[in-house]
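First comes the structure, then the notes that go with it.
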Amino acid sequence: MDKIAEPQLGMRFSMHGADFEVSFVARDMVRYSSSAGGQVHRMPYTAFIELQEQQTIVLSNTPGTTLTAHNAQVIMRKRRYVEDAILGLAFPAAKAELAEVIKVIAAEISDTAPPSVRSVTYWIRAFRQNGISGLAPRRNLGNRTMRIGVEIEQLISEAIDNQFLRREWRRGNAVFAQVVGRAAELGYCDAHRNKMKLVSMRTIQRRLKLLDPFEVTRAQQGGLAASKAARAAGRSTKAAAILSIVQMDTHILDVLVIDPDTGEVIGHPYLTTVLDVNTRCIIGIYCSLFPASATTALAALKDMLVRYGIPALIIPDNGVEFANSAFILLCDTLAITISPAQVRDPDGKAHIESFFRTLTLALIQSLPGTTFSNPSKRGDYDSTKNARFTLQQVTSFTQEWINEVYHKTVHTRTMRAPCVAWDEQAKAMPPMKLSADEVNALARRPYQRTISGGRVQYAGLQYYSHAFPTLEAQGHSKVTLLVDELNLHTVFVEDPTKKGDLILAESIDPEYTSDLTQFAHDEAMAIKKAMSESDRNKFGGNANAIALWRLYSRIQSESQVAKKWLRKLTNGAGRIQVARQSQRRIENPSSAIEPEQVAHEVQALSPSRRSPPPNADHSAWQSIPKFDAYDVE
């Protein structure tokens, strides 16, 4: 094992394949920055030493840092004495023989103040232990013993936190004033009863200079200013091979989508994308109506693992909370290193931000119902009125544009088409892919649950299996529940009698859990919790479904563009629903409505009777044969 080194300013090291540099060392904390991008991280001083012992942190070799212009003469002088003593004497520490060697060397190099035998003995020991670095002069660290009482030290720390590390403008005199004032209140200034020595203003100023500049800037100006001040213009991010570095981010698409049944506008879709830095290929996407979360990131990650392979380093959006999520568990299982980008720092994911700009200008803003990038560019264009595509259609458009246009166009930076660059490298070193079943099995979070009445419960949902009563009868009621955060419709239970065998359990409320994600369920439960007790009693078993409906209503109301409703088809009812209702009225002779009238209503719903959208270009409309566009007047 290599020698354990104390962290020092400017020390470079690698951890899990990523390169970092120590940017500040405090008494109990080490601040370090990534070499590519300059993201700021911190870890305890003891953790830095322990990671070296575990060889997780590998120090970079920096030759030539021991010998400098300031210490070269001192080191070479010591080395001359040490070298002659080791090479010329059988026992270099022998006093008489070593004294003679010192006289000879002093005469040869004209040393007017030759060292003593004891000094050369210390030099020989240091050289044998640490090599040439052991001969470097020790830094003048000064007196490190505590010369101030513990009580005064505590007052200084409190005063720095209360007076200096704050957004309001305070200086060292405010810190000094609080120390003196608090000492007087506590009786530390009474010379007759207490001989405790107070500090001077100069001592306070020296303490303030020892503070971490990053922490000072963050306390006084905010986290964003601190990140920019602590981050240098580092080298650009470069990936040596495919899947060595991938970037992940979520972007709000500048287009409104509609409900496929009612034609009502339901808001902006969110596109979570994974980009390979080496080839600029888009290797994973997930489009939904929900903002960035650990669930949407997991969906894009699963898409990448199945279609392209396992990456080495992933740079996700730092604004998403990944703690204790299936995303983290899956990355940990597959040994994928996670290095989040800085908050509100587009340079941390510059490649994927550039892709989003290209996608927006080339495709999204050309779709009917686009909201453009800002109101000035939108002008008097009515985005709500012109919206006519569903979420599935926008997703299909995006996938086809990525595969058929973006991947086959020469990239202006790499000067290669992304798909060609990927294919060439994939032939040389095929990436490791996973099957959909393997990903679904690995991407599940385990929970310990108890079977009761043939059911297990998770997050307010109940699941059943006819195998559960058998397990209960056998006394195996404690089971491990495996949950897929992207689909809460079913769960797996590990058979306690046969480890590795899984039992499928279905939801007792299939209508609510159909295509239900963990994020949507959490939001729906938050809305349900906010309901009044009378509402929950009124809704009863439908409380979950109504809460989910309220969630989608809130998504629509919080859209960043105009919230006007599109004129509803069939007076707000869906085409399929009205057709079925009309059919039931025809079949029900007791209906008060005449069958001729109902038939007329059903006929009005026929696509052939629907009038085309205003100002529609039929030739352009027919030029997109692969997509079933949905027109609304």
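A note on labels: chains of the structure tokens are A, B, ... as shown, every chain counts residues from 1, and ligands are counted from 1 in their shown order.
All residues of protein, DNA or RNA that reach within 10 Å of Leu482 of chain A, judged by only C-alpha atoms and not counting those fewer than 6 positions away in the chain, are A:Ala441, A:Leu442, A:Ala443, A:Arg444, A:Arg445, A:Pro446, A:Tyr447, A:Gln448, A:Thr490, A:Val491, A:Phe492, A:Val493, A:Glu494, A:Leu502, A:Ile503, A:Leu504.
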Exercise: His411 of chain A partners within 12 Å, only C-alpha atoms, chain neighbours under 5 positions left out, as a short mmCIF file (atom, residue, chain, number, x, y, z; two decimals) with N, CA, C and O atoms, in the first residue's frame:
data_model
loop_
_atom_site.label_atom_id
_atom_site.label_comp_id
_atom_site.auth_asym_id
_atom_site.auth_seq_id
_atom_site.Cartn_x
_atom_site.Cartn_y
_atom_site.Cartn_z
N VAL A 277 -21.15 11.29 -23.88
CA VAL A 277 -20.27 12.41 -24.17
C VAL A 277 -19.32 12.10 -25.30
O VAL A 277 -18.99 12.97 -26.12
N ASN A 278 -18.86 10.87 -25.41
CA ASN A 278 -17.86 10.53 -26.43
C ASN A 278 -18.42 10.67 -27.84
O ASN A 278 -17.79 11.28 -28.71
N THR A 279 -19.59 10.11 -28.09
CA THR A 279 -20.15 10.10 -29.45
C THR A 279 -21.28 11.10 -29.64
O THR A 279 -21.70 11.34 -30.78
N ARG A 280 -21.79 11.69 -28.55
CA ARG A 280 -22.95 12.59 -28.55
C ARG A 280 -24.24 11.85 -28.91
O ARG A 280 -25.23 12.47 -29.29
N CYS A 281 -24.25 10.52 -28.78
CA CYS A 281 -25.47 9.75 -29.02
C CYS A 281 -26.45 9.95 -27.86
O CYS A 281 -26.04 10.05 -26.70
N HIS A 351 -22.93 19.54 -22.84
CA HIS A 351 -23.23 18.77 -24.05
C HIS A 351 -24.72 18.49 -24.17
O HIS A 351 -25.29 18.63 -25.26
N SER A 354 -26.69 21.64 -24.98
CA SER A 354 -26.60 21.95 -26.40
C SER A 354 -27.57 21.11 -27.21
O SER A 354 -28.19 21.58 -28.17
N PHE A 355 -27.72 19.83 -26.83
CA PHE A 355 -28.67 18.97 -27.53
C PHE A 355 -30.10 19.48 -27.37
O PHE A 355 -30.88 19.47 -28.33
N THR A 358 -30.75 22.23 -29.76
CA THR A 358 -30.92 21.73 -31.12
C THR A 358 -32.28 21.10 -31.30
O THR A 358 -32.97 21.33 -32.31
N VAL A 405 -32.68 11.70 -37.73
CA VAL A 405 -32.09 12.99 -38.13
C VAL A 405 -30.85 13.28 -37.31
O VAL A 405 -29.74 13.41 -37.85
N TYR A 406 -30.99 13.39 -35.99
CA TYR A 406 -29.87 13.81 -35.15
C TYR A 406 -28.72 12.82 -35.20
O TYR A 406 -27.56 13.20 -35.38
N ARG A 416 -18.25 13.94 -36.53
CA ARG A 416 -18.69 12.60 -36.86
C ARG A 416 -20.19 12.51 -36.62
O ARG A 416 -20.74 13.18 -35.74
N ALA A 417 -20.84 11.66 -37.39
CA ALA A 417 -22.24 11.36 -37.11
C ALA A 417 -22.31 10.50 -35.86
O ALA A 417 -21.57 9.51 -35.75
N PRO A 418 -23.15 10.82 -34.90
CA PRO A 418 -23.17 10.06 -33.63
C PRO A 418 -23.37 8.56 -33.81
O PRO A 418 -22.69 7.77 -33.16
N CYS A 419 -24.27 8.15 -34.70
CA CYS A 419 -24.53 6.72 -34.85
C CYS A 419 -23.33 6.00 -35.45
O CYS A 419 -23.02 4.85 -35.09
N VAL A 420 -22.61 6.66 -36.38
CA VAL A 420 -21.44 6.04 -36.99
C VAL A 420 -20.32 5.90 -35.96
O VAL A 420 -19.66 4.85 -35.86
N ALA A 421 -20.10 6.96 -35.18
CA ALA A 421 -19.06 6.90 -34.15
C ALA A 421 -19.38 5.82 -33.12
O ALA A 421 -18.47 5.12 -32.65
#
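You can rank A:Met201, A:Ile57, A:Ala292, A:Val150 by their closest distance to Phe322 of chain A using only C-alpha atoms, and at the top of that list sits A:Ala292.
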Residues flagged alpha helix (DSSP H) by DSSP in segment 331-544 of chain A, as a short mmCIF file (atom, residue, chain, number, x, y, z; two decimals) with N, CA and C atoms, in the first residue's frame:
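Now in selection11.cif:
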data_model
loop_
_atom_site.label_atom_id
_atom_site.label_comp_id
_atom_site.auth_asym_id
_atom_site.auth_seq_id
_atom_site.Cartn_x
_atom_site.Cartn_y
_atom_site.Cartn_z
N CYS A 331 -27.65 2.02 -9.50
CA CYS A 331 -26.29 2.46 -9.84
C CYS A 331 -25.26 1.79 -8.95
N ASP A 332 -25.59 1.62 -7.68
CA ASP A 332 -24.67 0.97 -6.76
C ASP A 332 -24.50 -0.51 -7.11
N THR A 333 -25.57 -1.16 -7.51
CA THR A 333 -25.49 -2.57 -7.89
C THR A 333 -24.63 -2.77 -9.13
N ALA A 350 -22.88 20.71 -20.30
CA ALA A 350 -22.94 21.57 -21.49
C ALA A 350 -23.36 20.79 -22.72
N HIS A 351 -22.93 19.54 -22.84
CA HIS A 351 -23.23 18.77 -24.05
C HIS A 351 -24.72 18.49 -24.17
N ILE A 352 -25.35 18.11 -23.08
CA ILE A 352 -26.77 17.79 -23.16
C ILE A 352 -27.62 19.06 -23.25
N GLU A 353 -27.15 20.17 -22.68
CA GLU A 353 -27.85 21.44 -22.84
C GLU A 353 -27.82 21.87 -24.30
N SER A 354 -26.69 21.64 -24.98
CA SER A 354 -26.60 21.95 -26.40
C SER A 354 -27.57 21.11 -27.21
N PHE A 355 -27.72 19.83 -26.83
CA PHE A 355 -28.67 18.97 -27.53
C PHE A 355 -30.10 19.48 -27.37
N PHE A 356 -30.46 19.92 -26.18
CA PHE A 356 -31.82 20.42 -25.96
C PHE A 356 -32.10 21.64 -26.83
N ARG A 357 -31.11 22.51 -26.99
CA ARG A 357 -31.30 23.67 -27.87
C ARG A 357 -31.53 23.22 -29.32
N THR A 358 -30.75 22.23 -29.76
CA THR A 358 -30.92 21.73 -31.12
C THR A 358 -32.28 21.10 -31.30
N LEU A 359 -32.71 20.28 -30.34
CA LEU A 359 -34.02 19.64 -30.43
C LEU A 359 -35.14 20.67 -30.46
N THR A 360 -35.03 21.69 -29.64
CA THR A 360 -36.08 22.71 -29.55
C THR A 360 -36.24 23.45 -30.88
N LEU A 361 -35.12 23.89 -31.44
CA LEU A 361 -35.18 24.69 -32.67
C LEU A 361 -35.51 23.85 -33.89
N ALA A 362 -35.02 22.61 -33.92
CA ALA A 362 -35.21 21.78 -35.10
C ALA A 362 -36.55 21.07 -35.14
N PRO A 375 -42.46 34.84 -24.53
CA PRO A 375 -43.65 35.49 -25.08
C PRO A 375 -43.37 36.38 -26.28
N SER A 376 -42.20 37.01 -26.33
CA SER A 376 -41.91 37.90 -27.46
C SER A 376 -41.82 37.12 -28.76
N LYS A 377 -41.25 35.92 -28.72
CA LYS A 377 -41.16 35.10 -29.93
C LYS A 377 -42.52 34.49 -30.27
N ARG A 378 -43.34 34.25 -29.26
CA ARG A 378 -44.65 33.67 -29.51
C ARG A 378 -45.58 34.68 -30.16
N SER A 383 -51.15 29.24 -28.59
CA SER A 383 -50.63 27.88 -28.42
C SER A 383 -51.71 26.91 -27.99
N THR A 384 -52.60 27.36 -27.12
CA THR A 384 -53.66 26.49 -26.62
C THR A 384 -54.63 26.09 -27.73
N LYS A 385 -54.99 27.03 -28.56
CA LYS A 385 -55.94 26.75 -29.64
C LYS A 385 -55.35 25.80 -30.68
N ASN A 386 -54.06 25.92 -30.93
CA ASN A 386 -53.42 25.12 -31.98
C ASN A 386 -52.86 23.80 -31.48
N LEU A 391 -49.37 13.24 -25.74
CA LEU A 391 -48.04 12.97 -25.21
C LEU A 391 -47.37 11.83 -25.97
N GLN A 392 -48.13 10.79 -26.32
CA GLN A 392 -47.56 9.68 -27.06
C GLN A 392 -47.06 10.11 -28.43
N GLN A 393 -47.79 11.00 -29.08
CA GLN A 393 -47.37 11.46 -30.40
C GLN A 393 -46.11 12.32 -30.33
N VAL A 394 -46.04 13.22 -29.35
CA VAL A 394 -44.84 14.03 -29.19
C VAL A 394 -43.63 13.15 -28.88
N THR A 395 -43.84 12.13 -28.06
CA THR A 395 -42.76 11.20 -27.77
C THR A 395 -42.30 10.48 -29.04
N SER A 396 -43.27 10.07 -29.89
CA SER A 396 -42.93 9.39 -31.13
C SER A 396 -42.18 10.31 -32.09
N PHE A 397 -42.63 11.58 -32.18
CA PHE A 397 -41.92 12.55 -33.01
C PHE A 397 -40.47 12.69 -32.56
N THR A 398 -40.30 12.82 -31.25
CA THR A 398 -38.95 13.04 -30.69
C THR A 398 -38.05 11.84 -30.95
N GLN A 399 -38.57 10.64 -30.74
CA GLN A 399 -37.76 9.44 -30.98
C GLN A 399 -37.35 9.32 -32.44
N GLU A 400 -38.27 9.58 -33.35
CA GLU A 400 -37.94 9.47 -34.77
C GLU A 400 -36.94 10.53 -35.19
N TRP A 401 -37.09 11.75 -34.67
CA TRP A 401 -36.12 12.81 -35.02
C TRP A 401 -34.72 12.46 -34.51
N PRO A 418 -23.15 10.82 -34.90
CA PRO A 418 -23.17 10.06 -33.63
C PRO A 418 -23.37 8.56 -33.81
N CYS A 419 -24.27 8.15 -34.70
CA CYS A 419 -24.53 6.72 -34.85
C CYS A 419 -23.33 6.00 -35.45
N VAL A 420 -22.61 6.66 -36.38
CA VAL A 420 -21.44 6.04 -36.99
C VAL A 420 -20.32 5.90 -35.96
N ALA A 421 -20.10 6.96 -35.18
CA ALA A 421 -19.06 6.90 -34.15
C ALA A 421 -19.38 5.82 -33.12
N TRP A 422 -20.64 5.66 -32.77
CA TRP A 422 -21.02 4.64 -31.80
C TRP A 422 -20.79 3.24 -32.36
N ASP A 423 -21.21 3.01 -33.60
CA ASP A 423 -21.09 1.68 -34.19
C ASP A 423 -19.62 1.25 -34.29
N GLU A 424 -18.75 2.18 -34.65
CA GLU A 424 -17.34 1.84 -34.79
C GLU A 424 -16.73 1.41 -33.46
N GLN A 425 -17.01 2.16 -32.39
CA GLN A 425 -16.45 1.82 -31.10
C GLN A 425 -17.13 0.61 -30.48
N ALA A 426 -18.41 0.42 -30.76
CA ALA A 426 -19.12 -0.74 -30.22
C ALA A 426 -18.61 -2.04 -30.83
N LYS A 427 -18.12 -1.98 -32.07
CA LYS A 427 -17.55 -3.18 -32.68
C LYS A 427 -16.22 -3.56 -32.02
N ALA A 428 -15.42 -2.55 -31.68
CA ALA A 428 -14.14 -2.82 -31.04
C ALA A 428 -14.31 -3.33 -29.61
N ALA A 436 -34.55 -6.63 -20.54
CA ALA A 436 -35.60 -5.87 -19.85
C ALA A 436 -35.98 -6.55 -18.54
N ASP A 437 -36.00 -7.89 -18.53
CA ASP A 437 -36.33 -8.61 -17.29
C ASP A 437 -35.25 -8.40 -16.23
N GLU A 438 -33.98 -8.40 -16.66
CA GLU A 438 -32.90 -8.20 -15.70
C GLU A 438 -32.95 -6.80 -15.10
N VAL A 439 -33.22 -5.80 -15.94
CA VAL A 439 -33.30 -4.43 -15.44
C VAL A 439 -34.47 -4.28 -14.49
N ASN A 440 -35.61 -4.84 -14.85
CA ASN A 440 -36.78 -4.73 -13.98
C ASN A 440 -36.55 -5.42 -12.64
N ALA A 441 -35.78 -6.51 -12.66
CA ALA A 441 -35.50 -7.20 -11.40
C ALA A 441 -34.52 -6.42 -10.54
N LEU A 442 -33.51 -5.80 -11.17
CA LEU A 442 -32.50 -5.06 -10.41
C LEU A 442 -33.00 -3.70 -9.95
N PHE A 468 -50.39 -16.21 -1.09
CA PHE A 468 -50.17 -15.62 0.23
C PHE A 468 -50.83 -16.42 1.35
N PRO A 469 -52.08 -16.88 1.19
CA PRO A 469 -52.66 -17.68 2.29
C PRO A 469 -51.84 -18.92 2.61
N THR A 470 -51.22 -19.53 1.59
CA THR A 470 -50.38 -20.70 1.84
C THR A 470 -49.17 -20.34 2.68
N LEU A 471 -48.54 -19.18 2.34
CA LEU A 471 -47.38 -18.74 3.12
C LEU A 471 -47.78 -18.43 4.56
N GLU A 472 -48.96 -17.82 4.73
CA GLU A 472 -49.43 -17.52 6.09
C GLU A 472 -49.65 -18.80 6.88
N ALA A 473 -50.25 -19.80 6.23
CA ALA A 473 -50.53 -21.05 6.92
C ALA A 473 -49.25 -21.78 7.31
N PRO A 510 -56.95 -1.96 -9.54
CA PRO A 510 -56.22 -1.91 -10.81
C PRO A 510 -56.46 -0.64 -11.61
N GLU A 511 -57.63 -0.05 -11.48
CA GLU A 511 -57.90 1.17 -12.25
C GLU A 511 -57.01 2.31 -11.80
N TYR A 512 -56.77 2.41 -10.50
CA TYR A 512 -55.92 3.49 -9.99
C TYR A 512 -54.44 3.22 -10.26
N THR A 513 -54.00 1.99 -10.10
CA THR A 513 -52.57 1.69 -10.21
C THR A 513 -52.11 1.41 -11.63
N GLN A 518 -44.23 5.84 -8.91
CA GLN A 518 -44.06 6.20 -7.50
C GLN A 518 -44.23 7.69 -7.30
N PHE A 519 -43.70 8.49 -8.24
CA PHE A 519 -43.81 9.95 -8.10
C PHE A 519 -45.26 10.38 -8.16
N ALA A 520 -46.03 9.85 -9.11
CA ALA A 520 -47.44 10.23 -9.21
C ALA A 520 -48.21 9.81 -7.97
N HIS A 521 -47.91 8.64 -7.45
CA HIS A 521 -48.62 8.16 -6.26
C HIS A 521 -48.29 9.02 -5.04
N ASP A 522 -47.02 9.39 -4.89
CA ASP A 522 -46.64 10.24 -3.76
C ASP A 522 -47.35 11.59 -3.82
N GLU A 523 -47.40 12.17 -5.02
CA GLU A 523 -48.10 13.45 -5.17
C GLU A 523 -49.59 13.30 -4.90
N ALA A 524 -50.16 12.21 -5.39
CA ALA A 524 -51.59 11.99 -5.16
C ALA A 524 -51.90 11.79 -3.68
N MET A 525 -51.02 11.08 -2.98
CA MET A 525 -51.23 10.87 -1.55
C MET A 525 -51.09 12.17 -0.77
N ALA A 526 -50.19 13.06 -1.24
CA ALA A 526 -50.06 14.35 -0.58
C ALA A 526 -51.34 15.16 -0.73
N ILE A 527 -51.94 15.08 -1.91
CA ILE A 527 -53.21 15.79 -2.12
C ILE A 527 -54.31 15.14 -1.30
N LYS A 528 -54.30 13.81 -1.25
CA LYS A 528 -55.32 13.11 -0.46
C LYS A 528 -55.22 13.46 1.01
N LYS A 529 -53.99 13.59 1.50
CA LYS A 529 -53.80 13.93 2.91
C LYS A 529 -54.32 15.32 3.22
N ALA A 530 -54.25 16.19 2.21
CA ALA A 530 -54.72 17.56 2.42
C ALA A 530 -56.24 17.67 2.37
N GLU A 533 -61.51 15.76 6.35
CA GLU A 533 -62.03 14.47 6.77
C GLU A 533 -63.38 14.17 6.13
N SER A 534 -64.18 15.20 5.93
CA SER A 534 -65.48 14.99 5.31
C SER A 534 -65.33 14.56 3.86
N ASP A 535 -64.32 15.11 3.16
CA ASP A 535 -64.09 14.71 1.77
C ASP A 535 -63.69 13.25 1.70
N ARG A 536 -62.80 12.81 2.59
CA ARG A 536 -62.37 11.42 2.56
C ARG A 536 -63.53 10.48 2.86
N ASN A 537 -64.40 10.88 3.80
CA ASN A 537 -65.57 10.06 4.09
C ASN A 537 -66.53 10.03 2.91
N LYS A 538 -66.62 11.15 2.21
CA LYS A 538 -67.54 11.24 1.08
C LYS A 538 -67.05 10.41 -0.10
N PHE A 539 -65.75 10.51 -0.38
CA PHE A 539 -65.22 9.81 -1.54
C PHE A 539 -65.04 8.32 -1.25
N ALA A 543 -61.15 7.78 -3.09
CA ALA A 543 -60.31 8.90 -2.68
C ALA A 543 -58.99 8.92 -3.44
N ASN A 544 -58.39 7.75 -3.66
CA ASN A 544 -57.12 7.71 -4.38
C ASN A 544 -57.26 8.19 -5.81
#
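Comparing the minimum interatomic distances between Tyr308 of chain A and each of A:Ala184, A:Ile152, A:Leu243, A:Cys287, counting only C-alpha atoms, we find that A:Leu243 sits nearest.
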Skipping near chain neighbours, those fewer than 4 positions away, what residues fall within 10 Å of Phe290 of chain A using only C-alpha atoms, listed as a PyMOL selection string?
chain A and resi 252+268-271+295-296+517+519-520+552+555
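Of the residues in segment 151-297 of chain A, those that DSSP places in strand (DSSP E or B) on the basis of the backbone are Arg235, Ile245, Val246, Gln247, Met248, Asp249, Thr250, His251, Ile252, Val255, Val257, Ile258, Val265, Ile266, Gly267, Tyr270, Leu271, Thr272, Thr273, Val274, Leu275, Asp276, Ile282, Ile283, Gly284, Ile285, Tyr286, Cys287 and Ser288 of chain A.
Atom CA of Ala240 of chain A to atom CA of Leu329 of chain A spans 26.1 Å [interatomic distance, one decimal].
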Could you give me, as an mmCIF file with all heavy atoms, in the first residue's frame, the residues within 6 Å of Met304 of chain A, counting only C-alpha atoms and dropping anything in the same chain fewer than 3 positions from it?
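part-v8.cif, freshly written:
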data_model
loop_
_atom_site.group_PDB
_atom_site.id
_atom_site.type_symbol
_atom_site.label_atom_id
_atom_site.label_comp_id
_atom_site.auth_asym_id
_atom_site.auth_seq_id
_atom_site.Cartn_x
_atom_site.Cartn_y
_atom_site.Cartn_z
ATOM 1 N N ILE A 283 -28.734 8.059 -25.670
ATOM 2 C CA ILE A 283 -28.790 6.633 -25.339
ATOM 3 C C ILE A 283 -29.902 6.303 -24.360
ATOM 4 O O ILE A 283 -30.001 5.155 -23.914
ATOM 5 C CB ILE A 283 -27.433 6.171 -24.792
ATOM 6 C CG1 ILE A 283 -27.029 6.990 -23.564
ATOM 7 C CG2 ILE A 283 -26.359 6.259 -25.861
ATOM 8 C CD1 ILE A 283 -25.716 6.554 -22.943
ATOM 9 N N GLY A 284 -30.728 7.258 -24.007
ATOM 10 C CA GLY A 284 -31.844 6.984 -23.113
ATOM 11 C C GLY A 284 -32.764 8.182 -23.017
ATOM 12 O O GLY A 284 -32.284 9.310 -22.880
ATOM 13 N N LEU A 301 -32.687 5.791 -17.196
ATOM 14 C CA LEU A 301 -31.561 4.891 -16.951
ATOM 15 C C LEU A 301 -31.883 3.475 -17.418
ATOM 16 O O LEU A 301 -31.050 2.804 -18.044
ATOM 17 C CB LEU A 301 -31.211 4.896 -15.464
ATOM 18 C CG LEU A 301 -30.081 3.966 -15.017
ATOM 19 C CD1 LEU A 301 -28.766 4.372 -15.666
ATOM 20 C CD2 LEU A 301 -29.952 3.970 -13.500
ATOM 21 N N ARG A 307 -31.046 -0.728 -24.112
ATOM 22 C CA ARG A 307 -30.767 -0.476 -25.528
ATOM 23 C C ARG A 307 -29.292 -0.243 -25.827
ATOM 24 O O ARG A 307 -28.817 -0.530 -26.931
ATOM 25 C CB ARG A 307 -31.575 0.726 -26.015
ATOM 26 C CG ARG A 307 -33.078 0.504 -25.986
ATOM 27 C CD ARG A 307 -33.803 1.519 -26.830
ATOM 28 N NE ARG A 307 -33.618 2.873 -26.334
ATOM 29 C CZ ARG A 307 -33.279 3.902 -27.104
ATOM 30 N NH1 ARG A 307 -33.041 3.718 -28.383
ATOM 31 N NH2 ARG A 307 -33.155 5.109 -26.585
ATOM 32 N N TYR A 308 -28.523 0.311 -24.853
ATOM 33 C CA TYR A 308 -27.143 0.671 -25.152
ATOM 34 C C TYR A 308 -26.125 0.028 -24.217
ATOM 35 O O TYR A 308 -25.073 -0.382 -24.668
ATOM 36 C CB TYR A 308 -26.993 2.198 -25.125
ATOM 37 C CG TYR A 308 -27.603 2.864 -26.331
ATOM 38 C CD1 TYR A 308 -28.939 3.256 -26.335
ATOM 39 C CD2 TYR A 308 -26.850 3.095 -27.477
ATOM 40 C CE1 TYR A 308 -29.500 3.860 -27.445
ATOM 41 C CE2 TYR A 308 -27.397 3.701 -28.587
ATOM 42 C CZ TYR A 308 -28.733 4.088 -28.572
ATOM 43 O OH TYR A 308 -29.287 4.680 -29.671
#
If you count only C-alpha atoms, which residues fall within 9 Å of Gln178 of chain A, apart from same-chain ones fewer than 6 positions away, as an MDAnalysis selection string?
chainID A and resid 155:156 158:159 162:163
Suppose we keep N, CA, C and O atoms; can you now write the selection as a PDB file, in the first residue's frame?
ATOM      1  N   LEU A 155     -16.343  31.118  22.655  1.00  0.00           N
ATOM      2  CA  LEU A 155     -16.929  32.434  22.389  1.00  0.00           C
ATOM      3  C   LEU A 155     -16.529  32.950  21.010  1.00  0.00           C
ATOM      4  O   LEU A 155     -17.334  33.579  20.313  1.00  0.00           O
ATOM      5  N   ILE A 156     -15.289  32.691  20.596  1.00  0.00           N
ATOM      6  CA  ILE A 156     -14.835  33.141  19.275  1.00  0.00           C
ATOM      7  C   ILE A 156     -15.619  32.430  18.171  1.00  0.00           C
ATOM      8  O   ILE A 156     -16.063  33.055  17.196  1.00  0.00           O
ATOM      9  N   GLU A 158     -18.626  31.091  18.347  1.00  0.00           N
ATOM     10  CA  GLU A 158     -20.000  31.589  18.335  1.00  0.00           C
ATOM     11  C   GLU A 158     -20.078  32.968  17.700  1.00  0.00           C
ATOM     12  O   GLU A 158     -21.009  33.258  16.931  1.00  0.00           O
ATOM     13  N   ALA A 159     -19.119  33.830  18.011  1.00  0.00           N
ATOM     14  CA  ALA A 159     -19.142  35.186  17.455  1.00  0.00           C
ATOM     15  C   ALA A 159     -18.934  35.167  15.949  1.00  0.00           C
ATOM     16  O   ALA A 159     -19.556  35.964  15.213  1.00  0.00           O
ATOM     17  N   ASN A 162     -22.261  34.075  14.417  1.00  0.00           N
ATOM     18  CA  ASN A 162     -23.360  35.032  14.593  1.00  0.00           C
ATOM     19  C   ASN A 162     -23.111  36.368  13.903  1.00  0.00           C
ATOM     20  O   ASN A 162     -24.061  37.021  13.445  1.00  0.00           O
ATOM     21  N   GLN A 163     -21.862  36.790  13.811  1.00  0.00           N
ATOM     22  CA  GLN A 163     -21.576  38.133  13.331  1.00  0.00           C
ATOM     23  C   GLN A 163     -20.921  38.171  11.950  1.00  0.00           C
ATOM     24  O   GLN A 163     -21.140  39.123  11.200  1.00  0.00           O
TER      25      GLN A 163
END
Show me, as a ChimeraX atom specification, the residues that have an atom within 9 Å of Ile258 of chain A when counting only C-alpha atoms, minus same-chain residues fewer than 3 positions from it.
/A:261-267,387-391,566
